[in-house]
file data.txt (compact mmCIF, N, CA and C atoms)
# COMPACT_ATOMS: atom_id res chain seq x y z
N MET A 172 -14.48 50.54 -14.88
CA MET A 172 -14.87 49.14 -14.89
C MET A 172 -13.64 48.33 -15.30
N LYS A 173 -13.08 47.60 -14.37
CA LYS A 173 -11.92 46.80 -14.70
C LYS A 173 -12.20 45.31 -14.58
N ASN A 174 -13.07 44.91 -13.69
CA ASN A 174 -13.45 43.50 -13.57
C ASN A 174 -14.84 43.30 -14.17
N LEU A 175 -15.01 42.15 -14.78
CA LEU A 175 -16.30 41.85 -15.40
C LEU A 175 -17.20 41.13 -14.41
N ASN A 176 -18.50 41.29 -14.59
CA ASN A 176 -19.48 40.57 -13.79
C ASN A 176 -19.58 39.11 -14.22
N ILE A 177 -19.36 38.87 -15.50
CA ILE A 177 -19.48 37.52 -16.04
C ILE A 177 -18.16 36.77 -15.83
N SER A 178 -18.26 35.52 -15.44
CA SER A 178 -17.06 34.72 -15.18
C SER A 178 -16.58 34.05 -16.47
N LEU A 179 -15.31 33.65 -16.45
CA LEU A 179 -14.77 32.91 -17.59
C LEU A 179 -15.51 31.58 -17.77
N ASN A 180 -15.90 30.95 -16.67
CA ASN A 180 -16.66 29.69 -16.78
C ASN A 180 -17.98 29.91 -17.50
N THR A 181 -18.66 30.99 -17.19
CA THR A 181 -19.93 31.29 -17.85
C THR A 181 -19.70 31.59 -19.33
N ILE A 182 -18.67 32.36 -19.62
CA ILE A 182 -18.34 32.68 -21.02
C ILE A 182 -18.06 31.40 -21.79
N ASN A 183 -17.26 30.53 -21.21
CA ASN A 183 -16.93 29.26 -21.88
C ASN A 183 -18.16 28.40 -22.10
N ARG A 184 -19.08 28.41 -21.14
CA ARG A 184 -20.32 27.63 -21.27
C ARG A 184 -21.18 28.17 -22.42
N VAL A 185 -21.23 29.49 -22.55
CA VAL A 185 -21.97 30.10 -23.65
C VAL A 185 -21.40 29.63 -24.99
N VAL A 186 -20.09 29.65 -25.11
CA VAL A 186 -19.45 29.22 -26.37
C VAL A 186 -19.72 27.74 -26.63
N GLU A 187 -19.64 26.90 -25.59
CA GLU A 187 -19.93 25.47 -25.75
C GLU A 187 -21.36 25.23 -26.23
N LEU A 188 -22.31 25.90 -25.59
CA LEU A 188 -23.71 25.74 -25.98
C LEU A 188 -23.93 26.22 -27.41
N HIS A 189 -23.27 27.30 -27.79
CA HIS A 189 -23.40 27.83 -29.15
C HIS A 189 -22.82 26.86 -30.17
N GLN A 190 -21.69 26.25 -29.84
CA GLN A 190 -21.08 25.28 -30.76
C GLN A 190 -21.98 24.06 -30.94
N ALA A 191 -22.69 23.67 -29.89
CA ALA A 191 -23.61 22.53 -30.00
C ALA A 191 -24.72 22.83 -30.99
N ILE A 192 -25.19 24.07 -31.03
CA ILE A 192 -26.20 24.47 -32.01
C ILE A 192 -25.64 24.32 -33.41
N SER A 193 -24.46 24.87 -33.62
CA SER A 193 -23.83 24.83 -34.94
C SER A 193 -23.64 23.41 -35.42
N GLU A 194 -23.19 22.53 -34.52
CA GLU A 194 -22.93 21.14 -34.90
C GLU A 194 -24.22 20.42 -35.29
N THR A 195 -25.28 20.59 -34.51
CA THR A 195 -26.53 19.89 -34.84
C THR A 195 -27.16 20.43 -36.10
N GLU A 196 -27.06 21.73 -36.32
CA GLU A 196 -27.64 22.30 -37.54
C GLU A 196 -26.84 21.91 -38.76
N ALA A 197 -25.54 21.78 -38.62
CA ALA A 197 -24.71 21.36 -39.74
C ALA A 197 -25.04 19.92 -40.12
N VAL A 198 -25.23 19.07 -39.14
CA VAL A 198 -25.57 17.68 -39.41
C VAL A 198 -26.93 17.58 -40.08
N SER A 199 -27.92 18.28 -39.54
CA SER A 199 -29.27 18.19 -40.12
C SER A 199 -29.31 18.81 -41.51
N ALA A 200 -28.57 19.87 -41.74
CA ALA A 200 -28.56 20.50 -43.06
C ALA A 200 -27.88 19.62 -44.09
N GLY A 201 -26.88 18.87 -43.65
CA GLY A 201 -26.13 18.04 -44.59
C GLY A 201 -26.78 16.71 -44.90
N THR A 202 -27.67 16.26 -44.04
CA THR A 202 -28.24 14.93 -44.25
C THR A 202 -29.64 14.94 -44.82
N VAL A 203 -30.32 16.06 -44.74
CA VAL A 203 -31.69 16.12 -45.19
C VAL A 203 -31.88 17.34 -46.09
N ASN A 204 -32.54 17.14 -47.21
CA ASN A 204 -32.82 18.25 -48.11
C ASN A 204 -34.14 18.89 -47.66
N LEU A 205 -34.04 19.96 -46.85
CA LEU A 205 -35.23 20.58 -46.28
C LEU A 205 -35.57 21.89 -46.97
N THR A 206 -36.85 22.19 -47.01
CA THR A 206 -37.28 23.50 -47.48
C THR A 206 -36.93 24.52 -46.40
N PRO A 207 -36.87 25.80 -46.74
CA PRO A 207 -36.60 26.81 -45.71
C PRO A 207 -37.60 26.78 -44.55
N VAL A 208 -38.87 26.55 -44.85
CA VAL A 208 -39.89 26.50 -43.79
C VAL A 208 -39.65 25.29 -42.89
N ALA A 209 -39.35 24.15 -43.47
CA ALA A 209 -39.08 22.95 -42.68
C ALA A 209 -37.82 23.14 -41.83
N ARG A 210 -36.82 23.79 -42.39
CA ARG A 210 -35.59 24.05 -41.64
C ARG A 210 -35.87 24.97 -40.45
N LEU A 211 -36.73 25.98 -40.65
CA LEU A 211 -37.09 26.89 -39.56
C LEU A 211 -37.83 26.12 -38.46
N LYS A 212 -38.78 25.27 -38.84
CA LYS A 212 -39.52 24.48 -37.86
C LYS A 212 -38.57 23.57 -37.08
N MET A 213 -37.64 22.96 -37.78
CA MET A 213 -36.67 22.08 -37.13
C MET A 213 -35.80 22.89 -36.16
N SER A 214 -35.46 24.08 -36.57
CA SER A 214 -34.63 24.95 -35.73
C SER A 214 -35.35 25.31 -34.43
N LEU A 215 -36.66 25.52 -34.51
CA LEU A 215 -37.42 25.93 -33.33
C LEU A 215 -37.51 24.83 -32.28
N VAL A 216 -37.38 23.59 -32.69
CA VAL A 216 -37.46 22.49 -31.73
C VAL A 216 -36.07 21.93 -31.38
N ASN A 217 -35.03 22.54 -31.88
CA ASN A 217 -33.66 22.11 -31.61
C ASN A 217 -33.37 22.23 -30.11
N PRO A 218 -33.14 21.11 -29.43
CA PRO A 218 -32.89 21.18 -27.98
C PRO A 218 -31.62 21.96 -27.61
N GLN A 219 -30.61 21.93 -28.47
CA GLN A 219 -29.39 22.68 -28.20
C GLN A 219 -29.66 24.18 -28.27
N LYS A 220 -30.49 24.58 -29.22
CA LYS A 220 -30.84 25.99 -29.34
C LYS A 220 -31.66 26.45 -28.14
N ARG A 221 -32.59 25.60 -27.72
CA ARG A 221 -33.39 25.94 -26.54
C ARG A 221 -32.51 26.07 -25.31
N ALA A 222 -31.53 25.17 -25.15
CA ALA A 222 -30.62 25.22 -24.00
C ALA A 222 -29.78 26.50 -24.04
N PHE A 223 -29.33 26.88 -25.23
CA PHE A 223 -28.54 28.11 -25.38
C PHE A 223 -29.38 29.32 -24.97
N HIS A 224 -30.58 29.41 -25.51
CA HIS A 224 -31.45 30.55 -25.20
C HIS A 224 -31.80 30.59 -23.71
N LYS A 225 -32.08 29.44 -23.14
CA LYS A 225 -32.41 29.38 -21.71
C LYS A 225 -31.24 29.88 -20.88
N PHE A 226 -30.04 29.42 -21.20
CA PHE A 226 -28.85 29.83 -20.45
C PHE A 226 -28.63 31.34 -20.55
N ILE A 227 -28.70 31.87 -21.76
CA ILE A 227 -28.50 33.32 -21.96
C ILE A 227 -29.58 34.11 -21.24
N ASN A 228 -30.82 33.67 -21.36
CA ASN A 228 -31.92 34.42 -20.75
C ASN A 228 -31.87 34.42 -19.23
N GLU A 229 -31.18 33.44 -18.64
CA GLU A 229 -31.05 33.41 -17.18
C GLU A 229 -29.89 34.26 -16.66
N LEU A 230 -29.07 34.78 -17.56
CA LEU A 230 -27.98 35.66 -17.14
C LEU A 230 -28.53 37.01 -16.71
N SER A 231 -27.75 37.72 -15.92
CA SER A 231 -28.16 39.07 -15.53
C SER A 231 -28.03 40.00 -16.73
N LEU A 232 -28.67 41.14 -16.65
CA LEU A 232 -28.58 42.13 -17.71
C LEU A 232 -27.13 42.56 -17.94
N GLU A 233 -26.39 42.73 -16.86
CA GLU A 233 -24.97 43.11 -16.98
C GLU A 233 -24.18 42.05 -17.73
N GLU A 234 -24.41 40.78 -17.42
CA GLU A 234 -23.70 39.70 -18.10
C GLU A 234 -24.05 39.65 -19.58
N LYS A 235 -25.30 39.87 -19.91
CA LYS A 235 -25.71 39.90 -21.32
C LYS A 235 -25.01 41.03 -22.06
N ARG A 236 -24.96 42.19 -21.45
CA ARG A 236 -24.28 43.33 -22.08
C ARG A 236 -22.79 43.04 -22.24
N GLU A 237 -22.20 42.43 -21.23
CA GLU A 237 -20.78 42.10 -21.32
C GLU A 237 -20.50 41.09 -22.43
N LEU A 238 -21.38 40.11 -22.61
CA LEU A 238 -21.21 39.17 -23.73
C LEU A 238 -21.26 39.87 -25.07
N SER A 239 -22.23 40.77 -25.23
CA SER A 239 -22.31 41.53 -26.48
C SER A 239 -21.06 42.36 -26.69
N ALA A 240 -20.57 42.97 -25.61
CA ALA A 240 -19.35 43.78 -25.70
C ALA A 240 -18.16 42.91 -26.10
N LEU A 241 -18.07 41.71 -25.55
CA LEU A 241 -16.98 40.80 -25.91
C LEU A 241 -17.01 40.46 -27.39
N VAL A 242 -18.20 40.23 -27.92
CA VAL A 242 -18.32 39.92 -29.35
C VAL A 242 -17.83 41.10 -30.18
N TRP A 243 -18.23 42.31 -29.80
CA TRP A 243 -17.81 43.48 -30.56
C TRP A 243 -16.30 43.68 -30.50
N ILE A 244 -15.70 43.41 -29.36
CA ILE A 244 -14.24 43.51 -29.25
C ILE A 244 -13.60 42.45 -30.14
N GLY A 245 -14.12 41.23 -30.07
CA GLY A 245 -13.57 40.14 -30.89
C GLY A 245 -13.71 40.38 -32.38
N GLN A 246 -14.75 41.09 -32.77
CA GLN A 246 -14.95 41.43 -34.18
C GLN A 246 -14.07 42.62 -34.60
N GLY A 247 -13.49 43.29 -33.63
CA GLY A 247 -12.68 44.47 -33.93
C GLY A 247 -13.51 45.73 -34.11
N LEU A 248 -14.75 45.72 -33.64
CA LEU A 248 -15.62 46.89 -33.80
C LEU A 248 -15.36 47.96 -32.73
N CYS A 249 -14.77 47.56 -31.61
CA CYS A 249 -14.45 48.48 -30.53
C CYS A 249 -13.05 48.18 -30.03
N ASP A 250 -12.32 49.22 -29.68
CA ASP A 250 -10.95 49.04 -29.19
C ASP A 250 -10.88 48.78 -27.70
N SER A 251 -11.84 49.29 -26.96
CA SER A 251 -11.79 49.12 -25.51
C SER A 251 -13.08 48.47 -25.01
N PHE A 252 -12.96 47.82 -23.86
CA PHE A 252 -14.14 47.21 -23.28
C PHE A 252 -15.15 48.29 -22.89
N GLU A 253 -14.66 49.40 -22.39
CA GLU A 253 -15.55 50.47 -21.95
C GLU A 253 -16.43 50.96 -23.10
N SER A 254 -15.84 51.18 -24.26
CA SER A 254 -16.64 51.66 -25.40
C SER A 254 -17.59 50.57 -25.89
N ALA A 255 -17.13 49.31 -25.90
CA ALA A 255 -17.99 48.21 -26.33
C ALA A 255 -19.17 48.05 -25.36
N TYR A 256 -18.90 48.16 -24.07
CA TYR A 256 -19.96 48.02 -23.08
C TYR A 256 -20.96 49.17 -23.19
N LYS A 257 -20.44 50.37 -23.41
CA LYS A 257 -21.32 51.53 -23.57
C LYS A 257 -22.26 51.32 -24.75
N ASN A 258 -21.73 50.82 -25.85
CA ASN A 258 -22.56 50.53 -27.03
C ASN A 258 -23.56 49.43 -26.74
N ALA A 259 -23.12 48.38 -26.05
CA ALA A 259 -24.02 47.27 -25.71
C ALA A 259 -25.15 47.75 -24.82
N LYS A 260 -24.83 48.63 -23.90
CA LYS A 260 -25.85 49.16 -22.99
C LYS A 260 -26.89 49.97 -23.77
N ALA A 261 -26.41 50.73 -24.76
CA ALA A 261 -27.32 51.55 -25.56
C ALA A 261 -28.18 50.71 -26.50
N VAL A 262 -27.59 49.67 -27.06
CA VAL A 262 -28.28 48.87 -28.08
C VAL A 262 -29.12 47.75 -27.46
N ALA A 263 -28.61 47.10 -26.42
CA ALA A 263 -29.25 45.90 -25.89
C ALA A 263 -30.54 46.17 -25.14
N GLY A 264 -30.74 47.37 -24.68
CA GLY A 264 -31.96 47.67 -23.93
C GLY A 264 -32.10 46.77 -22.72
N ASP A 265 -33.21 46.04 -22.64
CA ASP A 265 -33.45 45.17 -21.50
C ASP A 265 -32.80 43.79 -21.66
N GLY A 266 -32.09 43.57 -22.75
CA GLY A 266 -31.35 42.33 -22.96
C GLY A 266 -32.16 41.17 -23.50
N ASP A 267 -33.44 41.39 -23.78
CA ASP A 267 -34.29 40.29 -24.24
C ASP A 267 -33.84 39.69 -25.57
N GLY A 268 -33.21 40.45 -26.43
CA GLY A 268 -32.79 39.95 -27.73
C GLY A 268 -31.37 39.43 -27.77
N THR A 269 -30.71 39.38 -26.63
CA THR A 269 -29.30 38.99 -26.60
C THR A 269 -29.06 37.59 -27.14
N ALA A 270 -29.88 36.63 -26.76
CA ALA A 270 -29.67 35.25 -27.22
C ALA A 270 -29.78 35.17 -28.74
N PHE A 271 -30.75 35.86 -29.32
CA PHE A 271 -30.89 35.85 -30.78
C PHE A 271 -29.70 36.53 -31.45
N TYR A 272 -29.24 37.64 -30.86
CA TYR A 272 -28.08 38.35 -31.40
C TYR A 272 -26.86 37.43 -31.37
N LEU A 273 -26.58 36.84 -30.22
CA LEU A 273 -25.40 36.00 -30.07
C LEU A 273 -25.47 34.74 -30.93
N GLU A 274 -26.66 34.21 -31.09
CA GLU A 274 -26.83 32.99 -31.88
C GLU A 274 -26.31 33.17 -33.31
N GLY A 275 -26.44 34.36 -33.83
CA GLY A 275 -26.02 34.63 -35.20
C GLY A 275 -24.55 34.98 -35.36
N LYS A 276 -23.80 34.95 -34.28
CA LYS A 276 -22.39 35.32 -34.33
C LYS A 276 -21.50 34.09 -34.21
N ASP A 277 -20.27 34.22 -34.69
CA ASP A 277 -19.28 33.14 -34.58
C ASP A 277 -18.57 33.29 -33.23
N LEU A 278 -19.24 32.84 -32.18
CA LEU A 278 -18.72 33.03 -30.83
C LEU A 278 -17.38 32.32 -30.62
N ALA A 279 -17.20 31.16 -31.22
CA ALA A 279 -15.95 30.41 -31.07
C ALA A 279 -14.78 31.17 -31.67
N ARG A 280 -15.05 32.08 -32.54
CA ARG A 280 -14.00 32.90 -33.16
C ARG A 280 -13.81 34.22 -32.41
N TYR A 281 -14.91 34.90 -32.09
CA TYR A 281 -14.81 36.25 -31.52
C TYR A 281 -14.52 36.29 -30.03
N ILE A 282 -15.12 35.40 -29.27
CA ILE A 282 -14.94 35.43 -27.81
C ILE A 282 -13.48 35.20 -27.42
N PRO A 283 -12.79 34.18 -27.96
CA PRO A 283 -11.38 34.01 -27.57
C PRO A 283 -10.51 35.23 -27.90
N LYS A 284 -10.78 35.87 -29.02
CA LYS A 284 -10.02 37.08 -29.36
C LYS A 284 -10.22 38.16 -28.31
N ALA A 285 -11.47 38.34 -27.89
CA ALA A 285 -11.78 39.35 -26.89
C ALA A 285 -11.15 39.00 -25.54
N ILE A 286 -11.23 37.74 -25.16
CA ILE A 286 -10.66 37.32 -23.88
C ILE A 286 -9.15 37.53 -23.88
N ASP A 287 -8.49 37.18 -24.98
CA ASP A 287 -7.04 37.41 -25.07
C ASP A 287 -6.71 38.88 -24.86
N LYS A 288 -7.46 39.74 -25.51
CA LYS A 288 -7.23 41.18 -25.38
C LYS A 288 -7.45 41.64 -23.94
N LEU A 289 -8.54 41.19 -23.33
CA LEU A 289 -8.86 41.65 -21.98
C LEU A 289 -7.96 41.04 -20.92
N GLU A 290 -7.48 39.82 -21.15
CA GLU A 290 -6.54 39.23 -20.20
C GLU A 290 -5.24 40.03 -20.15
N LYS A 291 -4.82 40.55 -21.28
CA LYS A 291 -3.61 41.39 -21.32
C LYS A 291 -3.81 42.69 -20.56
N GLU A 292 -5.06 43.09 -20.42
CA GLU A 292 -5.39 44.34 -19.72
C GLU A 292 -5.88 44.06 -18.28
N ASP A 293 -5.70 42.83 -17.79
CA ASP A 293 -6.03 42.43 -16.41
C ASP A 293 -7.51 42.54 -16.06
N TYR A 294 -8.38 42.24 -16.99
CA TYR A 294 -9.81 42.25 -16.68
C TYR A 294 -10.23 40.99 -15.92
N PHE A 295 -9.47 39.93 -16.05
CA PHE A 295 -9.86 38.67 -15.42
C PHE A 295 -8.91 38.30 -14.26
N SER A 296 -8.42 39.31 -13.55
CA SER A 296 -7.50 39.04 -12.44
C SER A 296 -8.23 38.69 -11.17

call {"tool": "encode", "arguments": {"input": "data.txt", "output": "structure tokens"}}
result
Amino acid sequence: MKNLNISLNTINRVVELHQAISETEAVSAGTVNLTPVARLKMSLVNPQKRAFHKFINELSLEEKRELSALVWIGQGLCDSFESAYKNAKAVAGDGDGTAFYLEGKDLARYIPKAIDKLEKEDYFS
């Protein structure tokens, strides 16, 4: 596997949507003193979060696995894309939990690291 199924445009869109979640939650957390239950309720109706989940859920299973693999590479948990993808395939199952998994990660930090590594190895040629 040398070329990815997921495009750089799609990867960048995922990171943008994820950053929008972080920004809105940071604003709401800083301006209102909410109980944990109220914060959870607010989170469930967050339009940015819904857009992120919708976008991820519409990706193919292969693209979801590749996103998880990119995060693991960016975190330094795997040295090669092949091993990261193999792990993602084993862990992700049908991919239904991918959006929740990715939501909890610092995508703006990990994805660029992974892309830099893979660009040096000609994955995006």

call {"tool": "closest_residue", "arguments": {"input": "data.txt", "among": "A:Phe252, A:Tyr281, A:Tyr272, A:Tyr294", "to": "A:Lys235", "atoms": "only C-alpha atoms"}}
result
A:Tyr272

call {"tool": "residues_around", "arguments": {"input": "data.txt", "residues": "stretch 179-184 of chain A", "least_positions_apart": "5", "cutoff": "8 Å", "atoms": "all atoms listed in the file", "output": "PyMOL selection string"}}
result
chain A and resi 189-190+223+238+282+295

call {"tool": "closest_residue", "arguments": {"input": "data.txt", "among": "A:Lys288, A:Ala270, A:Ala261, A:Pro283", "to": "A:His224", "atoms": "all atoms listed in the file"}}
result
A:Ala270

call {"tool": "atom_distance", "arguments": {"input": "data.txt", "atom1": "atom CA of A:Asn228", "atom2": "atom CA of A:Ser178"}}
result
15.9 Å

call {"tool": "closest_residue", "arguments": {"input": "data.txt", "among": "A:Leu289, A:Ile227, A:Ala279, A:Leu248", "to": "A:Gly266", "atoms": "only N, CA and C atoms"}}
result
A:Ile227

call {"tool": "atom_distance", "arguments": {"input": "data.txt", "atom1": "atom C of A:Val242", "atom2": "atom CA of A:Thr195"}}
result
23.4 Å

call {"tool": "residues_around", "arguments": {"input": "data.txt", "residues": "A:Glu233", "least_positions_apart": "2", "cutoff": "8 Å", "atoms": "all atoms listed in the file", "output": "list in words"}}
result
Leu175, Asn176, Ile177, Leu230, Ser231, Lys235, Arg236, Glu237, Leu238, Ser239 and Gly266 of chain A

call {"tool": "residues_around", "arguments": {"input": "data.txt", "residues": "stretch 219-221 of chain A", "least_positions_apart": "2", "cutoff": "7 Å", "atoms": "only C-alpha atoms", "output": "ChimeraX atom specification"}}
result
/A:188,191-192,217,223-225

call {"tool": "atom_distance", "arguments": {"input": "data.txt", "atom1": "atom CA of A:Asp277", "atom2": "atom CA of A:Ala259"}}
result
17.3 Å

call {"tool": "select_by_dssp", "arguments": {"input": "data.txt", "residues": "chain A", "states": "alpha helix (DSSP H)", "output": "ChimeraX atom specification"}}
result
/A:179-202,207-215,218-228,232-246,252-263,269-274,278-291

call {"tool": "closest_residue", "arguments": {"input": "data.txt", "among": "A:Leu278, A:Ala240, A:Val208, A:Ala222", "to": "A:Lys260", "atoms": "all atoms listed in the file"}}
result
A:Ala240
